$ cat start05.txt   # compact mmCIF, C-alpha atoms and all ligand atoms
# COMPACT_ATOMS: atom_id res chain seq x y z
CA MET U 1 0.00 0.00 0.00
CA LYS U 2 1.23 3.48 -0.87
CA LYS U 3 2.08 5.69 2.15
CA MET U 4 0.26 9.03 2.42
CA CYS U 5 2.66 11.79 3.26
CA VAL U 6 1.59 15.44 3.72
CA GLN U 7 4.38 17.86 3.00
CA LEU U 8 3.88 21.42 4.30
CA ASP U 9 5.96 24.08 2.71
CA GLU U 10 7.55 26.85 4.81
CA ARG U 11 4.81 29.37 3.89
CA GLU U 12 2.02 27.06 5.02
CA ILE U 13 3.80 26.62 8.36
CA GLN U 14 4.34 30.39 8.74
CA ASP U 15 0.71 31.17 7.81
CA ASN U 16 -0.75 28.82 10.43
CA PRO U 17 -2.38 31.20 12.96
CA PHE U 18 -2.20 28.54 15.69
CA ARG U 19 1.55 28.06 15.43
CA PRO U 20 3.12 29.35 18.67
CA ASP U 21 6.47 31.11 18.87
CA LEU U 22 9.10 29.84 21.26
CA TRP U 23 9.54 31.91 24.42
CA ARG U 24 12.07 31.38 27.19
CA ILE U 25 11.17 31.45 30.88
CA VAL U 26 13.91 33.79 32.07
CA ARG U 27 12.78 33.97 35.69
CA HIS U 28 10.01 32.60 37.85
CA TYR U 29 9.19 32.67 41.53
CA PRO U 30 6.18 32.09 43.79
CA LEU U 31 3.85 34.97 44.60
CA THR U 32 1.69 32.81 46.91
CA SER U 33 1.47 29.08 47.69
CA ASP U 34 -0.36 28.35 44.41
CA VAL U 35 0.44 31.31 42.15
CA ASN U 36 3.77 31.75 40.36
CA PHE U 37 5.14 34.80 38.57
CA TYR U 38 6.86 34.26 35.20
CA GLN U 39 9.07 36.54 33.13
CA THR U 40 9.40 35.39 29.54
CA ARG U 41 11.32 36.58 26.50
CA PRO U 42 11.05 35.48 22.84
CA VAL U 43 13.83 33.13 21.72
CA ASP U 44 13.92 35.15 18.49
CA ASN U 45 15.37 38.58 19.34
CA ASP U 46 13.60 40.28 16.41
CA GLU U 47 10.31 39.07 17.86
CA ALA U 48 11.21 40.80 21.15
CA LEU U 49 11.63 44.10 19.27
CA ARG U 50 8.37 43.67 17.32
CA LEU U 51 6.32 42.75 20.37
CA ASP U 52 3.46 45.13 21.06
CA TYR U 53 0.29 44.78 23.07
CA ILE U 54 -2.33 46.64 25.10
CA PRO U 55 -2.94 46.21 28.86
CA GLY U 56 -5.81 43.75 29.28
CA GLN U 57 -4.82 41.49 26.37
CA PHE U 58 -3.95 37.80 26.79
CA VAL U 59 -1.86 35.13 25.08
CA MET U 60 -2.29 31.40 24.52
CA MET U 61 0.59 29.57 26.25
CA SER U 62 1.43 25.95 25.50
CA ILE U 63 3.75 23.10 26.33
CA PRO U 64 3.93 20.29 23.77
CA GLY U 65 2.02 17.25 25.00
CA GLU U 66 0.46 19.11 27.95
CA GLY U 67 -1.89 21.53 26.21
CA GLU U 68 -2.57 25.22 25.78
CA ALA U 69 -4.47 27.80 27.87
CA PRO U 70 -5.11 31.55 27.91
CA PHE U 71 -3.22 33.78 30.37
CA CYS U 72 -3.48 37.52 30.65
CA ILE U 73 -0.39 39.63 30.41
CA SER U 74 0.67 41.16 33.73
CA SER U 75 3.48 43.32 32.35
CA THR U 76 3.19 46.65 30.55
CA PRO U 77 4.02 47.43 26.91
CA SER U 78 5.85 50.50 28.22
CA ARG U 79 8.61 48.10 29.42
CA PRO U 80 9.22 46.25 26.11
CA GLY U 81 10.93 42.98 25.19
CA MET U 82 9.41 40.85 27.92
CA LEU U 83 6.03 39.41 28.90
CA GLU U 84 5.12 38.68 32.52
CA PHE U 85 2.39 36.37 33.82
CA CYS U 86 0.84 35.31 37.13
CA ILE U 87 -0.27 31.73 36.89
CA ARG U 88 -2.36 29.71 39.37
CA ASN U 89 -1.69 25.98 39.57
CA MET U 90 -5.05 24.63 38.37
CA GLY U 91 -4.59 21.55 36.19
CA THR U 92 -2.60 19.82 33.50
CA LEU U 93 -0.73 22.68 31.82
CA THR U 94 -0.28 24.89 34.85
CA SER U 95 1.08 22.07 37.04
CA THR U 96 3.72 21.43 34.37
CA LEU U 97 4.48 25.17 34.33
CA PHE U 98 5.04 24.92 38.09
CA SER U 99 7.79 22.34 37.58
CA ILE U 100 9.41 24.11 34.63
CA LYS U 101 13.00 25.31 35.09
CA GLU U 102 14.30 28.78 34.25
CA ASN U 103 15.75 28.87 30.72
CA GLN U 104 13.28 26.25 29.42
CA THR U 105 10.92 27.27 26.64
CA VAL U 106 7.14 27.42 26.21
CA GLY U 107 4.97 28.19 23.18
CA ILE U 108 3.21 31.54 23.04
CA ARG U 109 0.80 32.87 20.43
CA GLY U 110 -0.97 36.20 20.54
CA PRO U 111 -1.48 38.76 21.95
CA TYR U 112 -5.25 38.38 21.63
CA GLY U 113 -8.37 40.20 22.76
CA ASN U 114 -9.34 43.84 22.83
CA GLY U 115 -7.49 45.10 25.92
CA PHE U 116 -8.43 48.31 27.72
CA PRO U 117 -9.48 51.29 25.56
CA ILE U 118 -6.37 53.20 26.54
CA ASP U 119 -6.95 56.05 24.07
CA LYS U 120 -10.36 56.82 25.58
CA MET U 121 -9.02 56.46 29.12
CA GLU U 122 -6.26 59.00 28.57
CA GLY U 123 -6.85 62.28 30.35
CA LYS U 124 -9.29 60.63 32.79
CA ASP U 125 -8.96 59.55 36.42
CA ILE U 126 -8.38 55.80 36.70
CA LEU U 127 -9.91 53.73 39.50
CA ILE U 128 -8.72 50.10 39.53
CA VAL U 129 -10.44 47.50 41.73
CA ALA U 130 -8.72 44.11 41.96
CA GLY U 131 -9.63 41.04 43.98
CA GLY U 132 -7.36 37.98 44.23
CA MET U 133 -6.13 36.89 40.78
CA GLY U 134 -7.74 40.03 39.33
CA SER U 135 -4.37 41.73 39.80
CA ALA U 136 -2.95 39.58 36.98
CA PRO U 137 -4.42 41.74 34.16
CA LEU U 138 -4.85 44.91 36.23
CA ARG U 139 -1.16 45.15 37.15
CA SER U 140 -0.54 45.69 33.43
CA LEU U 141 -2.88 48.70 33.42
CA LEU U 142 -1.45 50.01 36.71
CA LEU U 143 2.15 49.89 35.45
CA TYR U 144 1.13 51.40 32.11
CA VAL U 145 -0.51 54.39 33.80
CA LEU U 146 2.47 54.80 36.16
CA ASP U 147 4.88 54.77 33.18
CA ASN U 148 2.73 57.36 31.33
CA ARG U 149 1.75 59.30 34.40
CA ASP U 150 1.32 62.69 32.71
CA ARG U 151 -1.29 61.26 30.29
CA PHE U 152 -3.78 60.29 33.02
CA GLY U 153 -5.47 62.02 35.96
CA ARG U 154 -5.78 60.62 39.45
CA LEU U 155 -4.76 56.94 39.88
CA ILE U 156 -6.46 54.88 42.60
CA TYR U 157 -5.84 51.14 43.09
CA LEU U 158 -8.07 49.16 45.47
CA HIS U 159 -6.40 45.81 46.08
CA GLY U 160 -8.11 43.01 48.01
CA ALA U 161 -7.10 39.48 48.97
CA LYS U 162 -8.52 36.75 51.21
CA ASN U 163 -5.55 37.04 53.57
CA GLU U 164 -2.00 38.37 53.61
CA GLY U 165 -0.54 35.05 52.39
CA GLU U 166 -2.74 35.10 49.29
CA MET U 167 -2.06 38.70 48.31
CA LEU U 168 -0.40 38.93 44.90
CA PHE U 169 2.40 41.51 44.47
CA LYS U 170 2.22 42.37 48.18
CA GLU U 171 5.71 43.90 48.49
CA GLU U 172 5.59 45.60 45.09
CA PHE U 173 2.26 47.28 45.88
CA ILE U 174 3.20 48.19 49.48
CA GLN U 175 6.22 50.01 48.00
CA LEU U 176 3.90 51.97 45.72
CA LYS U 177 2.25 53.41 48.82
CA GLN U 178 5.35 55.65 49.10
CA ARG U 179 4.50 57.36 45.79
CA GLU U 180 2.40 60.47 45.82
CA ASP U 181 0.97 59.99 42.33
CA VAL U 182 -0.91 56.76 43.13
CA GLU U 183 -3.42 56.04 45.89
CA MET U 184 -2.73 52.39 46.73
CA LEU U 185 -5.31 51.05 49.19
CA MET U 186 -5.04 47.43 50.30
CA SER U 187 -7.27 45.14 52.33
CA VAL U 188 -7.47 41.53 53.44
CA ASP U 189 -10.76 39.79 54.24
CA LYS U 190 -9.26 38.16 57.33
CA ASP U 191 -6.18 38.77 59.44
CA GLU U 192 -6.15 35.84 61.83
CA ALA U 193 -2.49 36.34 62.80
CA GLY U 194 -3.08 40.03 63.51
CA THR U 195 0.00 41.01 61.46
CA TRP U 196 -1.61 42.89 58.55
CA PRO U 197 -0.87 46.61 59.00
CA TYR U 198 -3.57 47.94 56.67
CA LYS U 199 -7.35 47.57 56.27
CA VAL U 200 -9.17 44.38 57.22
CA GLY U 201 -12.43 43.76 55.35
CA LEU U 202 -13.71 43.08 51.86
CA VAL U 203 -12.24 45.13 49.02
CA THR U 204 -15.47 47.17 48.92
CA THR U 205 -14.65 48.61 52.39
CA LEU U 206 -11.82 50.53 50.68
CA PHE U 207 -14.28 52.70 48.74
CA LYS U 208 -14.87 54.70 51.94
CA ASP U 209 -11.16 55.51 52.23
CA MET U 210 -10.49 56.90 48.76
CA GLY U 211 -12.17 60.26 49.12
CA LYS U 212 -14.51 61.95 46.67
CA ILE U 213 -14.16 61.18 42.98
CA ASP U 214 -15.33 63.00 39.86
CA PRO U 215 -17.54 60.23 38.33
CA ASN U 216 -17.91 61.61 34.81
CA ASN U 217 -14.16 62.02 34.53
CA THR U 218 -13.39 58.51 35.87
CA TYR U 219 -12.81 55.16 34.18
CA ALA U 220 -13.07 52.17 36.54
CA ALA U 221 -11.36 48.85 35.74
CA VAL U 222 -12.41 45.78 37.72
CA CYS U 223 -11.27 42.16 37.86
CA GLY U 224 -11.78 39.52 40.53
CA PRO U 225 -13.85 36.51 41.50
CA PRO U 226 -17.45 36.47 40.12
CA ILE U 227 -19.02 37.22 43.54
CA MET U 228 -16.94 40.40 43.82
CA TYR U 229 -18.44 42.01 40.70
CA LYS U 230 -21.93 42.28 42.14
CA PHE U 231 -20.79 44.27 45.19
CA VAL U 232 -18.15 46.33 43.42
CA MET U 233 -20.66 47.29 40.72
CA GLN U 234 -23.09 48.49 43.42
CA GLU U 235 -20.36 50.81 44.75
CA LEU U 236 -19.33 52.09 41.32
CA VAL U 237 -22.90 52.78 40.25
CA LYS U 238 -23.54 54.50 43.62
CA LEU U 239 -20.56 56.73 42.86
CA GLY U 240 -22.26 57.70 39.59
CA ILE U 241 -19.60 56.44 37.15
CA PRO U 242 -21.32 56.03 33.74
CA LYS U 243 -21.89 52.38 32.77
CA HIS U 244 -19.74 52.59 29.65
CA GLN U 245 -16.83 53.87 31.77
CA ILE U 246 -16.94 50.84 34.10
CA LEU U 247 -14.75 48.17 32.52
CA MET U 248 -14.17 44.63 33.60
CA THR U 249 -12.01 41.83 32.33
CA LEU U 250 -13.84 38.49 32.20
CA GLU U 251 -12.79 34.87 31.79
CA ARG U 252 -14.62 32.18 29.86
CA ARG U 253 -13.29 28.81 28.76
CA MET U 254 -11.69 29.24 25.36
CA LYS U 255 -9.66 27.10 23.00
CA CYS U 256 -8.61 29.01 19.89
CA GLY U 257 -8.32 32.64 21.03
CA VAL U 258 -9.17 33.92 17.55
CA GLY U 259 -12.98 33.75 17.33
CA LYS U 260 -13.21 30.41 15.53
CA CYS U 261 -14.01 27.57 17.94
CA GLY U 262 -17.01 29.23 19.60
CA HIS U 263 -16.19 27.95 23.13
CA CYS U 264 -16.21 31.44 24.62
CA ALA U 265 -19.15 32.85 22.63
CA VAL U 266 -22.12 34.41 24.42
CA GLU U 267 -24.83 35.09 21.86
CA TYR U 268 -23.03 37.25 19.28
CA LEU U 269 -20.02 38.15 21.44
CA TYR U 270 -16.77 36.19 21.50
CA THR U 271 -14.86 36.73 24.75
CA CYS U 272 -11.58 36.11 22.91
CA ILE U 273 -12.01 38.88 20.32
CA ASP U 274 -14.78 41.19 21.62
CA GLY U 275 -13.31 40.82 25.16
CA PRO U 276 -11.93 39.92 27.58
CA VAL U 277 -12.50 43.59 28.53
CA PHE U 278 -16.21 44.49 28.59
CA SER U 279 -18.05 47.52 29.91
CA TRP U 280 -20.77 47.24 32.55
CA TRP U 281 -23.08 48.39 29.79
CA ASP U 282 -22.14 45.30 27.66
CA VAL U 283 -22.58 43.01 30.65
CA LEU U 284 -26.06 44.31 31.46
CA ARG U 285 -27.13 43.62 27.89
CA MET U 286 -25.40 40.19 27.87
CA LYS U 287 -26.10 38.91 31.38
CA GLU U 288 -24.55 35.52 30.70
CA LEU U 289 -21.14 37.17 30.46
CA ILE U 290 -20.78 37.00 34.26
CA GLY U 291 -23.80 34.93 35.17
CA ARG U 292 -26.64 35.76 37.47
CA GLY U 293 -24.67 38.45 39.34
CA ALA U 294 -25.20 40.86 36.45
CA SER U 295 -28.59 42.42 36.81
CA ASP U 296 -29.86 45.96 37.00
CA LYS U 297 -31.86 44.81 40.06
CA THR U 298 -28.67 43.98 41.96
CA ILE U 299 -27.48 47.54 41.53
CA ALA U 300 -30.79 49.36 41.87
C1 LIG R 1 -8.86 35.44 28.91
C2 LIG R 1 -8.35 34.55 30.04
C3 LIG R 1 -7.26 34.96 30.78
C4 LIG R 1 -6.77 34.13 31.81
N1 LIG R 1 -5.70 34.58 32.53
C5 LIG R 1 -5.21 33.80 33.50
C6 LIG R 1 -4.07 34.24 34.25
O1 LIG R 1 -3.54 35.33 34.04
N2 LIG R 1 -3.59 33.41 35.21
C7 LIG R 1 -4.18 32.19 35.48
O2 LIG R 1 -3.69 31.48 36.37
N3 LIG R 1 -5.25 31.75 34.78
C8 LIG R 1 -5.76 32.51 33.81
N4 LIG R 1 -6.83 32.07 33.08
C9 LIG R 1 -7.39 30.73 33.40
C10 LIG R 1 -6.56 29.61 32.79
O3 LIG R 1 -6.53 29.73 31.37
C11 LIG R 1 -7.20 28.25 33.17
O4 LIG R 1 -7.09 28.07 34.58
C12 LIG R 1 -6.60 27.05 32.46
O5 LIG R 1 -7.63 26.09 32.34
C13 LIG R 1 -5.48 26.36 33.14
O6 LIG R 1 -5.05 25.28 32.32
P1 LIG R 1 -4.67 23.85 32.93
O7 LIG R 1 -4.39 22.94 31.77
O8 LIG R 1 -3.59 23.96 33.95
O9 LIG R 1 -5.96 23.44 33.71
P2 LIG R 1 -7.07 22.41 33.26
O10 LIG R 1 -6.49 21.02 33.28
O11 LIG R 1 -7.72 22.91 32.03
O12 LIG R 1 -8.06 22.52 34.51
C14 LIG R 1 -8.40 23.77 35.12
C15 LIG R 1 -9.61 23.61 36.01
O13 LIG R 1 -10.77 23.73 35.23
C16 LIG R 1 -11.51 22.50 35.27
N5 LIG R 1 -11.91 22.23 33.88
C17 LIG R 1 -11.16 21.75 32.88
N6 LIG R 1 -11.86 21.67 31.74
C18 LIG R 1 -13.13 22.12 32.04
C19 LIG R 1 -14.32 22.33 31.29
N7 LIG R 1 -14.40 22.03 29.99
N8 LIG R 1 -15.39 22.87 31.92
C20 LIG R 1 -15.35 23.19 33.23
N9 LIG R 1 -14.23 23.03 33.98
C21 LIG R 1 -13.15 22.49 33.41
C22 LIG R 1 -10.58 21.47 35.80
O14 LIG R 1 -11.30 20.48 36.49
C23 LIG R 1 -9.71 22.28 36.73
O15 LIG R 1 -10.35 22.52 37.96
C24 LIG R 1 -7.37 32.87 32.07
C25 LIG R 1 -8.46 32.45 31.30
C26 LIG R 1 -8.96 33.30 30.31
C27 LIG R 1 -10.14 32.84 29.51

$ encode --input "start05.txt" --output "structure tokens"
Amino acid sequence: MKKMCVQLDEREIQDNPFRPDLWRIVRHYPLTSDVNFYQTRPVDNDEALRLDYIPGQFVMMSIPGEGEAPFCISSTPSRPGMLEFCIRNMGTLTSTLFSIKENQTVGIRGPYGNGFPIDKMEGKDILIVAGGMGSAPLRSLLLYVLDNRDRFGRLIYLHGAKNEGEMLFKEEFIQLKQREDVEMLMSVDKDEAGTWPYKVGLVTTLFKDMGKIDPNNTYAAVCGPPIMYKFVMQELVKLGIPKHQILMTLERRMKCGVGKCGHCAVEYLYTCIDGPVFSWWDVLRMKELIGRGASDKTIA
């Protein structure tokens, strides 16, 4: 019997949108007991120079034989040549990433998704509200605004975690408290050891501490566990921030990242291309985007 052999020429390989580039893990270390921080650089130096993205975008990261998953970018395009990620040990791919050694390579394709509408946000006050892993994408926005400080108004970051041990970027963010051009407010839900020097309570308790804001001149960016959205939205709507200026980055299971497979689609929206950043206005029209928490009744 004649053997079937499919020969791909170089162009067909290059044109494959699912072909990842090789990236090197240059450094990694734990942020908490189950979340690691990764710094990665393209193996191809030209790729490092070409790299561009927007805060809020994500990539698809893969390890041959283990799989591929989306991860948002935690670094800022204003510090080029490198991508940083915070990754929670959840399953097949991420557990392998937890045993990976520095200098080993992974596959990365992207960046994908819409990211934050930075052009519209310029000139406005920025209020960031992050709970738990929500800091993974929001750190990118925070660092971007800090690196372009003269292009934005007031910068407020409300950072919440279950407890001190689970707080991502604890030292980095505590250091930011020294700066006068960012209001960094931090809280933990519980402080059983009594060692946490700042606020104890849910992230929403920090709203009382940030002083008066100018709602029409403010863009809010929110990311955290689903339960957090309901209560944070109540606060933001109470403050009077217009619905289209309340932005949130959402996660849905996705496979392709390019609007083809349909895994992340909600009615006519694809989280991978129309998101992962949505406005509160989008979410109210498409309630399934964050489930039952999204209802005008919850915020009335
Ligand atoms: C846009 C976007 C950005 C993201 N950014 C980050 C990030 O910055 N950091 C981060 O840590 N994670 C992030 N995630 C989540 C991450 O992609 C997932 O946790 C991913 O599944 C981990 O891959 P894994 O192979 O290790 O886990 P998997 O083996 O896929 O398992 C993960 C968990 O999901 C469950 N699961 C697996 N398949 C299904 C299914 N079909 N339906 C329901 N549950 C299932 C498993 O039981 C397990 O509990 C992001 C997701 C999206 C969509």

$ residues_near_ligand --input "start05.txt" --ligand "ligand LIG 1 (chain R)" --cutoff "7 Å" --atoms "all atoms listed in the file" --output "list in words"
Phe58, Gly67, Glu68, Ala69, Pro70, Phe71, Cys72, Ile73, Phe85, Cys86, Ile87, Arg88, Asn89, Met90, Gly91, Thr92, Leu93, Thr94, Ser95, Ala136, Pro137, Leu250, Glu251, Arg252, Arg253, Met254, Cys272 and Pro276 of chain U

$ closest_residue --input "start05.txt" --among "U:Ile156, U:Met60, U:Ile118, U:Met133" --to "Leu31 (chain U)" --atoms "only C-alpha atoms"
U:Met133

$ closest_residue --input "start05.txt" --among "U:Lys162, U:Arg79, U:Arg139, U:Arg151" --to "Lys190 (chain U)" --atoms "all atoms listed in the file"
U:Lys162

$ atom_distance --input "start05.txt" --atom1 "CA of Ile126 (chain U)" --atom2 "CA of Leu206 (chain U)"
15.3 Å

$ atom_distance --input "start05.txt" --atom1 "CA of Tyr229 (chain U)" --atom2 "CA of Asp52 (chain U)"
29.6 Å

$ closest_residue --input "start05.txt" --among "U:Met186, U:Leu176, U:Val129, U:Leu155" --to "Val222 (chain U)" --atoms "only C-alpha atoms"
U:Val129

$ closest_residue --input "start05.txt" --among "U:Gln234, U:Asn16, U:Asn36, U:Gln178" --to "Thr204 (chain U)" --atoms "only C-alpha atoms"
U:Gln234

$ atom_distance --input "start05.txt" --atom1 "CA of Met210 (chain U)" --atom2 "CA of Glu183 (chain U)"
7.7 Å

$ residues_around --input "start05.txt" --residues "Asp191 (chain U)" --least-positions-apart "6" --cutoff "8 Å" --atoms "all atoms listed in the file" --output "VMD selection string"
chain U and resid 163 to 164 200

$ residues_near_point --input "start05.txt" --point "(-15.4, 62.5, 37.9)" --cutoff "10 Å" --atoms "all atoms listed in the file" --output "PyMOL selection string"
chain U and resi 124-126+154+212-219+239-242

$ closest_residue --input "start05.txt" --among "U:Leu138, U:Ile273, U:Met82, U:Cys223" --to "Asn45 (chain U)" --atoms "only C-alpha atoms"
U:Met82

$ closest_residue --input "start05.txt" --among "U:Met167, U:Ala48, U:Leu83, U:Ile246" --to "Met121 (chain U)" --atoms "all atoms listed in the file"
U:Ile246

$ decode --input "start05.txt" --residues "region 245-270 of chain U" --atoms "N, CA and C atoms" --output "tab-separated table (two decimals), in the first residue's frame"
chain	number	residue	atom	x	y	z
U	245	GLN	N	-18.17	53.58	31.25
U	245	GLN	CA	-16.83	53.87	31.77
U	245	GLN	C	-16.43	52.91	32.90
U	246	ILE	N	-17.29	51.90	33.14
U	246	ILE	CA	-16.94	50.84	34.10
U	246	ILE	C	-16.53	49.63	33.26
U	247	LEU	N	-15.27	49.24	33.37
U	247	LEU	CA	-14.75	48.17	32.52
U	247	LEU	C	-14.37	46.99	33.38
U	248	MET	N	-14.57	45.80	32.84
U	248	MET	CA	-14.17	44.63	33.60
U	248	MET	C	-13.56	43.60	32.68
U	249	THR	N	-12.59	42.87	33.18
U	249	THR	CA	-12.01	41.83	32.33
U	249	THR	C	-12.53	40.48	32.81
U	250	LEU	N	-13.09	39.72	31.87
U	250	LEU	CA	-13.84	38.49	32.20
U	250	LEU	C	-13.16	37.26	31.60
U	251	GLU	N	-13.37	36.14	32.28
U	251	GLU	CA	-12.79	34.87	31.79
U	251	GLU	C	-13.89	33.92	31.38
U	252	ARG	N	-13.76	33.31	30.24
U	252	ARG	CA	-14.62	32.18	29.86
U	252	ARG	C	-13.73	31.14	29.23
U	253	ARG	N	-14.12	29.88	29.36
U	253	ARG	CA	-13.29	28.81	28.76
U	253	ARG	C	-13.12	29.09	27.28
U	254	MET	N	-11.91	29.01	26.79
U	254	MET	CA	-11.69	29.24	25.36
U	254	MET	C	-10.59	28.33	24.86
U	255	LYS	N	-10.64	28.03	23.58
U	255	LYS	CA	-9.66	27.10	23.00
U	255	LYS	C	-8.79	27.79	21.97
U	256	CYS	N	-9.41	28.53	21.03
U	256	CYS	CA	-8.61	29.01	19.89
U	256	CYS	C	-8.04	30.40	20.13
U	257	GLY	N	-8.79	31.27	20.78
U	257	GLY	CA	-8.32	32.64	21.03
U	257	GLY	C	-8.54	33.59	19.86
U	258	VAL	N	-9.06	33.06	18.74
U	258	VAL	CA	-9.17	33.92	17.55
U	258	VAL	C	-10.58	33.96	16.96
U	259	GLY	N	-11.59	33.61	17.78
U	259	GLY	CA	-12.98	33.75	17.33
U	259	GLY	C	-13.43	32.67	16.38
U	260	LYS	N	-12.84	31.46	16.46
U	260	LYS	CA	-13.21	30.41	15.53
U	260	LYS	C	-13.97	29.27	16.21
U	261	CYS	N	-13.46	28.82	17.37
U	261	CYS	CA	-14.01	27.57	17.94
U	261	CYS	C	-15.38	27.77	18.58
U	262	GLY	N	-15.69	28.97	19.03
U	262	GLY	CA	-17.01	29.23	19.60
U	262	GLY	C	-17.15	28.89	21.07
U	263	HIS	N	-16.09	28.33	21.71
U	263	HIS	CA	-16.19	27.95	23.13
U	263	HIS	C	-16.55	29.12	24.03
U	264	CYS	N	-16.05	30.31	23.69
U	264	CYS	CA	-16.21	31.44	24.62
U	264	CYS	C	-17.34	32.37	24.18
U	265	ALA	N	-18.13	31.94	23.18
U	265	ALA	CA	-19.15	32.85	22.63
U	265	ALA	C	-20.35	32.96	23.56
U	266	VAL	N	-20.86	34.17	23.72
U	266	VAL	CA	-22.12	34.41	24.42
U	266	VAL	C	-22.97	35.19	23.43
U	267	GLU	N	-24.03	34.54	22.96
U	267	GLU	CA	-24.83	35.09	21.86
U	267	GLU	C	-23.89	35.54	20.74
U	268	TYR	N	-23.86	36.84	20.41
U	268	TYR	CA	-23.03	37.25	19.28
U	268	TYR	C	-21.65	37.74	19.70
U	269	LEU	N	-21.33	37.66	20.99
U	269	LEU	CA	-20.02	38.15	21.44
U	269	LEU	C	-19.06	36.99	21.67
U	270	TYR	N	-17.83	37.16	21.22
U	270	TYR	CA	-16.77	36.19	21.50
U	270	TYR	C	-15.86	36.83	22.56
